[in-house]
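Asks: Quick one: the structure is below, and I'll ask about it shortly.
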Amino acid sequence: MPEGLIEAIRSVLSSETGWSFDHPVAQPRIERLLRAAGVERYVALPYAHEPGIAADLNEWVLDRAADSDMAVPFATVHGDDDVRAVVRDAFEAGARGLKFQCPVQECGPADPRLDPAFELAAEHDRPILFHAGTAPMFEDSPHVGAEAFESFLASYPNVRTCAAHMGTYEHERFIDLARDHETVFLDTTMTMSPRSPAVVDFDPAEIADETLVELSESIMYGSDFPNIPYPYEAERRGLLARDLPRAAARDIFTRTADRFLGVA
């Protein structure tokens with residue numbers, strides 16, 4: 001996202017959580033660091049915290065992605081925007097999916113204002129990523145939770161959709177949903193790191209190796225980089241230390257994302 005917006009997000013996160021951030025915000029530096037870490041592609045996930053900014057934000061992301069051989073651009077929209085127009089324009093311009101930071105945007109998978117976005121995602125075969133769980137501080141938000149996510153699945157069963165952060169703190173219910181629905185994906189962001197207990201009050205040991213292997217085609221690595229309050233390498237360290245079977249690790253780090261994006 002634009003550097004000023006990232007800095008503003010970091011300021012809010014720091015004031016609410018006490019986190020501090022050391023990673024770069026400029027795209028060239030972000031990509032150099034990721035490339036040095038062996039990353040081939042990353043998904044750019046903007047979100048509109050207020051109405052009226054999504055269209056410009058989407059255009060900015062798409063412009064920057066056009067000049068990158070690494071960035072996979074997603075788009076966003078706010079519930080109080082002209083939802084159909086904003087999403088249609090983004091998809092026609094090349095956005096590969098949609099991102100919703102549900103508690104911050106105050107709109108989520110069960111919000112009827114977003115139905116035009118969901119209908120377009122189905123029409124264009126684009127996936128959606130929701131911050132659908134209650135972690136790290138959204139237990140009281142009406143816009144998250146497994147029940148709202150299940151409502152979306154009932155209405156849009158053919159849309160590939162990911163619950164970020166493994167659906168924490170309702171991870172068990174979200175894991176069951178991934179078992180029951182081929183279109184449901186989970187990402188490991190901030191939940192499988194050695195730093196997860198201190199940062200988001202979640203113990204990665206709650207998710208067994210057997211679960212990761214069983215659902216490797218539905219679970220994909222995520223990081224929230226560059227907005228993470230610890231070294232980037234720590235995000236992968238916990239997963240790598242589990243010594244998963246090679247096929248499961250390849251799914252989690254590469255092939256599941258391809259399936260989610262619709263390129264495999």
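We name chains A, B, ... following the order of the structure tokens; residues begin at 1 in each chain, and ligands are numbered from 1 as shown.
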Pick out the residues sitting within 7 Å of Met70 in chain A, and hand them over as an mmCIF file with C-alpha atoms, in the first residue's frame; count only C-alpha atoms, and ignore anything fewer than 3 positions along from it in its own chain.
Replies:
data_model
loop_
_atom_site.group_PDB
_atom_site.id
_atom_site.type_symbol
_atom_site.label_atom_id
_atom_site.label_comp_id
_atom_site.auth_asym_id
_atom_site.auth_seq_id
_atom_site.Cartn_x
_atom_site.Cartn_y
_atom_site.Cartn_z
ATOM 1 C CA GLU A 40 9.166 -15.743 -6.005
ATOM 2 C CA ARG A 41 5.782 -14.057 -5.663
ATOM 3 C CA TYR A 42 3.798 -12.230 -3.016
#
Asks: Which residues come within 12 Å of Arg113 in chain A, counting only C-alpha atoms, excluding same-chain residues fewer than 3 positions away, as a VMD selection string?
Replies: chain A and resid 77 to 84 106 to 110 116 to 119
Asks: Could those selected residues go to a file with N, CA, C and O atoms, as a PDB file, in the first residue's frame?
Replies:
ATOM      1  N   VAL A  77     -12.744  -3.102  -1.402  1.00  0.00           N
ATOM      2  CA  VAL A  77     -13.854  -2.163  -1.514  1.00  0.00           C
ATOM      3  C   VAL A  77     -14.457  -2.009  -0.121  1.00  0.00           C
ATOM      4  O   VAL A  77     -14.376  -2.926   0.704  1.00  0.00           O
ATOM      5  N   HIS A  78     -15.012  -0.858   0.143  1.00  0.00           N
ATOM      6  CA  HIS A  78     -15.692  -0.623   1.419  1.00  0.00           C
ATOM      7  C   HIS A  78     -17.197  -0.806   1.219  1.00  0.00           C
ATOM      8  O   HIS A  78     -17.732  -0.542   0.135  1.00  0.00           O
ATOM      9  N   GLY A  79     -17.876  -1.241   2.271  1.00  0.00           N
ATOM     10  CA  GLY A  79     -19.303  -1.503   2.173  1.00  0.00           C
ATOM     11  C   GLY A  79     -20.142  -0.296   1.819  1.00  0.00           C
ATOM     12  O   GLY A  79     -21.253  -0.444   1.293  1.00  0.00           O
ATOM     13  N   ASP A  80     -19.642   0.902   2.079  1.00  0.00           N
ATOM     14  CA  ASP A  80     -20.396   2.117   1.770  1.00  0.00           C
ATOM     15  C   ASP A  80     -20.004   2.733   0.427  1.00  0.00           C
ATOM     16  O   ASP A  80     -20.461   3.829   0.082  1.00  0.00           O
ATOM     17  N   ASP A  81     -19.153   2.034  -0.345  1.00  0.00           N
ATOM     18  CA  ASP A  81     -18.818   2.478  -1.699  1.00  0.00           C
ATOM     19  C   ASP A  81     -19.899   2.034  -2.686  1.00  0.00           C
ATOM     20  O   ASP A  81     -20.823   1.287  -2.330  1.00  0.00           O
ATOM     21  N   ASP A  82     -19.740   2.459  -3.931  1.00  0.00           N
ATOM     22  CA  ASP A  82     -20.496   1.865  -5.031  1.00  0.00           C
ATOM     23  C   ASP A  82     -19.814   0.540  -5.318  1.00  0.00           C
ATOM     24  O   ASP A  82     -18.926   0.435  -6.173  1.00  0.00           O
ATOM     25  N   VAL A  83     -20.205  -0.474  -4.579  1.00  0.00           N
ATOM     26  CA  VAL A  83     -19.440  -1.716  -4.505  1.00  0.00           C
ATOM     27  C   VAL A  83     -19.269  -2.359  -5.881  1.00  0.00           C
ATOM     28  O   VAL A  83     -18.157  -2.741  -6.271  1.00  0.00           O
ATOM     29  N   ARG A  84     -20.342  -2.491  -6.625  1.00  0.00           N
ATOM     30  CA  ARG A  84     -20.259  -3.164  -7.916  1.00  0.00           C
ATOM     31  C   ARG A  84     -19.310  -2.430  -8.865  1.00  0.00           C
ATOM     32  O   ARG A  84     -18.473  -3.063  -9.529  1.00  0.00           O
ATOM     33  N   GLU A 106     -15.253  -2.768   8.940  1.00  0.00           N
ATOM     34  CA  GLU A 106     -16.613  -2.867   9.463  1.00  0.00           C
ATOM     35  C   GLU A 106     -17.581  -3.375   8.398  1.00  0.00           C
ATOM     36  O   GLU A 106     -18.686  -2.865   8.206  1.00  0.00           O
ATOM     37  N   CYS A 107     -17.123  -4.398   7.688  1.00  0.00           N
ATOM     38  CA  CYS A 107     -17.968  -5.124   6.745  1.00  0.00           C
ATOM     39  C   CYS A 107     -17.319  -6.481   6.547  1.00  0.00           C
ATOM     40  O   CYS A 107     -16.096  -6.596   6.575  1.00  0.00           O
ATOM     41  N   GLY A 108     -18.142  -7.516   6.392  1.00  0.00           N
ATOM     42  CA  GLY A 108     -17.567  -8.845   6.347  1.00  0.00           C
ATOM     43  C   GLY A 108     -18.343  -9.801   5.474  1.00  0.00           C
ATOM     44  O   GLY A 108     -19.184  -9.388   4.661  1.00  0.00           O
ATOM     45  N   PRO A 109     -18.084 -11.090   5.623  1.00  0.00           N
ATOM     46  CA  PRO A 109     -18.644 -12.075   4.694  1.00  0.00           C
ATOM     47  C   PRO A 109     -20.154 -12.208   4.732  1.00  0.00           C
ATOM     48  O   PRO A 109     -20.739 -12.742   3.787  1.00  0.00           O
ATOM     49  N   ALA A 110     -20.793 -11.731   5.786  1.00  0.00           N
ATOM     50  CA  ALA A 110     -22.249 -11.817   5.863  1.00  0.00           C
ATOM     51  C   ALA A 110     -22.919 -10.465   5.640  1.00  0.00           C
ATOM     52  O   ALA A 110     -24.118 -10.324   5.859  1.00  0.00           O
ATOM     53  N   PRO A 116     -22.736  -7.480  -4.156  1.00  0.00           N
ATOM     54  CA  PRO A 116     -22.282  -7.247  -5.535  1.00  0.00           C
ATOM     55  C   PRO A 116     -20.823  -7.637  -5.756  1.00  0.00           C
ATOM     56  O   PRO A 116     -20.466  -8.146  -6.827  1.00  0.00           O
ATOM     57  N   ALA A 117     -19.977  -7.428  -4.749  1.00  0.00           N
ATOM     58  CA  ALA A 117     -18.573  -7.841  -4.854  1.00  0.00           C
ATOM     59  C   ALA A 117     -18.469  -9.363  -4.920  1.00  0.00           C
ATOM     60  O   ALA A 117     -17.696  -9.913  -5.722  1.00  0.00           O
ATOM     61  N   PHE A 118     -19.230 -10.042  -4.083  1.00  0.00           N
ATOM     62  CA  PHE A 118     -19.181 -11.497  -4.062  1.00  0.00           C
ATOM     63  C   PHE A 118     -19.720 -12.081  -5.373  1.00  0.00           C
ATOM     64  O   PHE A 118     -19.185 -13.072  -5.895  1.00  0.00           O
ATOM     65  N   GLU A 119     -20.768 -11.460  -5.904  1.00  0.00           N
ATOM     66  CA  GLU A 119     -21.327 -11.928  -7.181  1.00  0.00           C
ATOM     67  C   GLU A 119     -20.307 -11.769  -8.310  1.00  0.00           C
ATOM     68  O   GLU A 119     -20.162 -12.660  -9.168  1.00  0.00           O
TER      69      GLU A 119
END
Asks: Residues near range 153-168 of chain A, anyone? I mean within 6 Å using only C-alpha atoms, not counting same-chain ones fewer than 6 positions away, as a ChimeraX atom specification.
Replies: /A:122,127-133,135,174,183-189,191
Asks: In range 59-223 of chain A, what's alpha helix (DSSP H) per DSSP? Answer as a ChimeraX atom specification?
Replies: /A:59-66,83-93,102-105,115-124,146-155,171-180,196-200,209-214
Asks: Rounded to one decimal in Å, what is the spacing between CA of Ile30 in chain A and CA of Ile9 in chain A?
Replies: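 Computed distance, CA of Ile30 in chain A to CA of Ile9 in chain A, equals 16.7 Å.
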Asks: Find the residue from A:Val43, A:Leu240, A:Phe202, A:Glu59 that sits nearest to Ser223 in chain A; use only C-alpha atoms when measuring.
Replies: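 Ranked by minimum distance to Ser223 in chain A, first place goes to A:Val43.
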Asks: How far is it from CA of Asp224 in chain A to CA of Asp115 in chain A, in Å with one decimal?
Replies: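 Pair CA of Asp224 in chain A / CA of Asp115 in chain A returns 26.3 Å.
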Asks: Counting only C-alpha atoms, which residue out of A:Arg195, A:His124, A:Cys102, A:Glu217 sits closest to Phe149 in chain A?
Replies: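 Comparing A:Arg195, A:His124, A:Cys102, A:Glu217 against Phe149 in chain A, the winner is A:Cys102.
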Asks: Near Val200 in chain A, within 12 Å and counting only C-alpha atoms, which residues show up once chain neighbours fewer than 6 positions away are dropped, as a ChimeraX atom specification?
Replies: /A:17-19,134-138,165,168-169,189-194,228-229
Asks: Could you take the residues named above and write them with all heavy atoms, as a short mmCIF file (atom, residue, chain, number, x, y, z; two decimals), in the first residue's frame?
Replies:
data_model
loop_
_atom_site.label_atom_id
_atom_site.label_comp_id
_atom_site.auth_asym_id
_atom_site.auth_seq_id
_atom_site.Cartn_x
_atom_site.Cartn_y
_atom_site.Cartn_z
N THR A 17 -1.53 -2.23 20.34
CA THR A 17 -0.94 -3.52 20.72
C THR A 17 0.42 -3.40 21.38
O THR A 17 0.89 -4.37 22.00
CB THR A 17 -0.78 -4.42 19.48
OG1 THR A 17 0.17 -3.81 18.59
CG2 THR A 17 -2.11 -4.60 18.76
N GLY A 18 1.09 -2.24 21.19
CA GLY A 18 2.45 -2.11 21.67
C GLY A 18 3.48 -2.70 20.73
O GLY A 18 4.67 -2.73 21.05
N TRP A 19 3.05 -3.16 19.54
CA TRP A 19 3.99 -3.70 18.57
C TRP A 19 4.87 -2.59 18.01
O TRP A 19 4.46 -1.43 17.92
CB TRP A 19 3.25 -4.36 17.41
CG TRP A 19 2.40 -5.53 17.78
CD1 TRP A 19 2.38 -6.20 18.97
CD2 TRP A 19 1.42 -6.16 16.95
NE1 TRP A 19 1.45 -7.22 18.94
CE2 TRP A 19 0.85 -7.22 17.71
CE3 TRP A 19 0.95 -5.95 15.66
CZ2 TRP A 19 -0.15 -8.06 17.20
CZ3 TRP A 19 -0.03 -6.78 15.14
CH2 TRP A 19 -0.57 -7.81 15.92
N THR A 134 -11.31 -13.78 15.01
CA THR A 134 -11.40 -12.77 16.06
C THR A 134 -10.04 -12.27 16.55
O THR A 134 -9.97 -11.30 17.29
CB THR A 134 -12.18 -13.32 17.26
OG1 THR A 134 -11.56 -14.54 17.71
CG2 THR A 134 -13.62 -13.63 16.87
N ALA A 135 -8.95 -12.95 16.16
CA ALA A 135 -7.61 -12.54 16.60
C ALA A 135 -7.16 -11.28 15.86
O ALA A 135 -7.61 -11.02 14.73
CB ALA A 135 -6.61 -13.67 16.32
N PRO A 136 -6.29 -10.46 16.44
CA PRO A 136 -5.74 -10.61 17.78
C PRO A 136 -6.53 -9.84 18.84
O PRO A 136 -6.26 -10.00 20.02
CB PRO A 136 -4.34 -10.01 17.62
CG PRO A 136 -4.52 -8.93 16.61
CD PRO A 136 -5.55 -9.45 15.65
N MET A 137 -7.52 -9.01 18.39
CA MET A 137 -8.19 -8.16 19.38
C MET A 137 -9.61 -7.82 18.94
O MET A 137 -10.15 -6.79 19.30
CB MET A 137 -7.41 -6.84 19.56
CG MET A 137 -7.09 -6.15 18.26
SD MET A 137 -5.96 -4.77 18.47
CE MET A 137 -5.34 -4.57 16.79
N PHE A 138 -10.24 -8.74 18.20
CA PHE A 138 -11.52 -8.41 17.59
C PHE A 138 -12.65 -9.32 18.07
O PHE A 138 -13.63 -9.53 17.36
CB PHE A 138 -11.41 -8.49 16.06
CG PHE A 138 -10.36 -7.59 15.48
CD1 PHE A 138 -9.29 -8.11 14.79
CD2 PHE A 138 -10.43 -6.21 15.65
CE1 PHE A 138 -8.31 -7.28 14.24
CE2 PHE A 138 -9.46 -5.37 15.12
CZ PHE A 138 -8.39 -5.91 14.41
N HIS A 165 -5.06 -16.00 9.05
CA HIS A 165 -4.64 -16.31 10.43
C HIS A 165 -5.24 -17.61 10.93
O HIS A 165 -5.50 -17.76 12.14
CB HIS A 165 -5.01 -15.15 11.37
CG HIS A 165 -4.59 -13.80 10.88
ND1 HIS A 165 -3.27 -13.38 10.91
CD2 HIS A 165 -5.29 -12.78 10.33
CE1 HIS A 165 -3.20 -12.15 10.41
NE2 HIS A 165 -4.40 -11.77 10.04
N THR A 168 -8.07 -17.93 13.60
CA THR A 168 -7.88 -17.75 15.04
C THR A 168 -8.74 -16.59 15.56
O THR A 168 -8.88 -15.58 14.89
CB THR A 168 -6.40 -17.43 15.31
OG1 THR A 168 -5.61 -18.42 14.66
CG2 THR A 168 -6.09 -17.44 16.78
N TYR A 169 -9.39 -16.72 16.66
CA TYR A 169 -9.30 -17.73 17.70
C TYR A 169 -10.33 -18.86 17.59
O TYR A 169 -10.44 -19.69 18.50
CB TYR A 169 -9.46 -17.07 19.07
CG TYR A 169 -8.39 -16.05 19.42
CD1 TYR A 169 -8.71 -14.71 19.49
CD2 TYR A 169 -7.07 -16.44 19.63
CE1 TYR A 169 -7.74 -13.77 19.80
CE2 TYR A 169 -6.09 -15.51 19.94
CZ TYR A 169 -6.43 -14.17 20.02
OH TYR A 169 -5.46 -13.25 20.31
N THR A 189 -0.63 -16.99 8.59
CA THR A 189 -0.11 -15.69 9.03
C THR A 189 -0.21 -15.48 10.54
O THR A 189 -1.30 -15.54 11.12
CB THR A 189 -0.87 -14.56 8.32
OG1 THR A 189 -0.69 -14.72 6.91
CG2 THR A 189 -0.37 -13.21 8.74
N MET A 190 0.94 -15.24 11.15
CA MET A 190 1.07 -14.86 12.56
C MET A 190 0.56 -15.91 13.54
O MET A 190 0.44 -15.64 14.74
CB MET A 190 0.40 -13.50 12.83
CG MET A 190 1.03 -12.37 12.06
SD MET A 190 0.43 -10.72 12.50
CE MET A 190 1.42 -10.41 13.98
N THR A 191 0.26 -17.11 13.08
CA THR A 191 -0.24 -18.15 13.98
C THR A 191 0.72 -19.32 14.14
O THR A 191 0.60 -20.08 15.10
CB THR A 191 -1.59 -18.71 13.50
OG1 THR A 191 -1.44 -19.23 12.17
CG2 THR A 191 -2.66 -17.64 13.52
N MET A 192 1.67 -19.48 13.22
CA MET A 192 2.55 -20.64 13.26
C MET A 192 4.00 -20.26 13.53
O MET A 192 4.92 -21.03 13.31
CB MET A 192 2.46 -21.41 11.93
CG MET A 192 1.04 -21.82 11.54
SD MET A 192 0.19 -22.80 12.80
CE MET A 192 1.17 -24.28 12.79
N SER A 193 4.21 -19.05 14.00
CA SER A 193 5.55 -18.55 14.29
C SER A 193 5.93 -18.81 15.75
O SER A 193 5.05 -18.83 16.63
CB SER A 193 5.60 -17.04 14.02
OG SER A 193 6.75 -16.46 14.59
N PRO A 194 7.21 -18.96 16.04
CA PRO A 194 7.62 -19.03 17.45
C PRO A 194 7.23 -17.78 18.24
O PRO A 194 7.16 -17.82 19.47
CB PRO A 194 9.15 -19.16 17.36
CG PRO A 194 9.42 -19.75 16.01
CD PRO A 194 8.34 -19.19 15.12
N ILE A 228 4.81 -6.83 10.30
CA ILE A 228 4.92 -7.81 11.38
C ILE A 228 5.95 -7.30 12.39
O ILE A 228 6.96 -6.74 12.02
CB ILE A 228 5.31 -9.20 10.86
CG1 ILE A 228 6.54 -9.14 9.93
CG2 ILE A 228 4.14 -9.85 10.15
CD1 ILE A 228 7.02 -10.50 9.47
N PRO A 229 5.66 -7.52 13.67
CA PRO A 229 6.52 -6.95 14.72
C PRO A 229 7.65 -7.87 15.16
O PRO A 229 7.98 -7.95 16.34
CB PRO A 229 5.51 -6.71 15.86
CG PRO A 229 4.55 -7.84 15.71
CD PRO A 229 4.43 -8.08 14.23
#
Asks: Using only C-alpha atoms, which residue out of A:Asn227, A:Val39, A:His181, A:His171 lies closest to Asp203 in chain A?
Replies: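 Nearest to Asp203 in chain A: A:His171.
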Asks: Show me, as an NGL selection string, the residues that have an atom within 10 Å of Ile53 in chain A when counting only C-alpha atoms, minus same-chain residues fewer than 3 positions from it.
Replies: :A and (47-50 or 56-58 or 76-78 or 81)
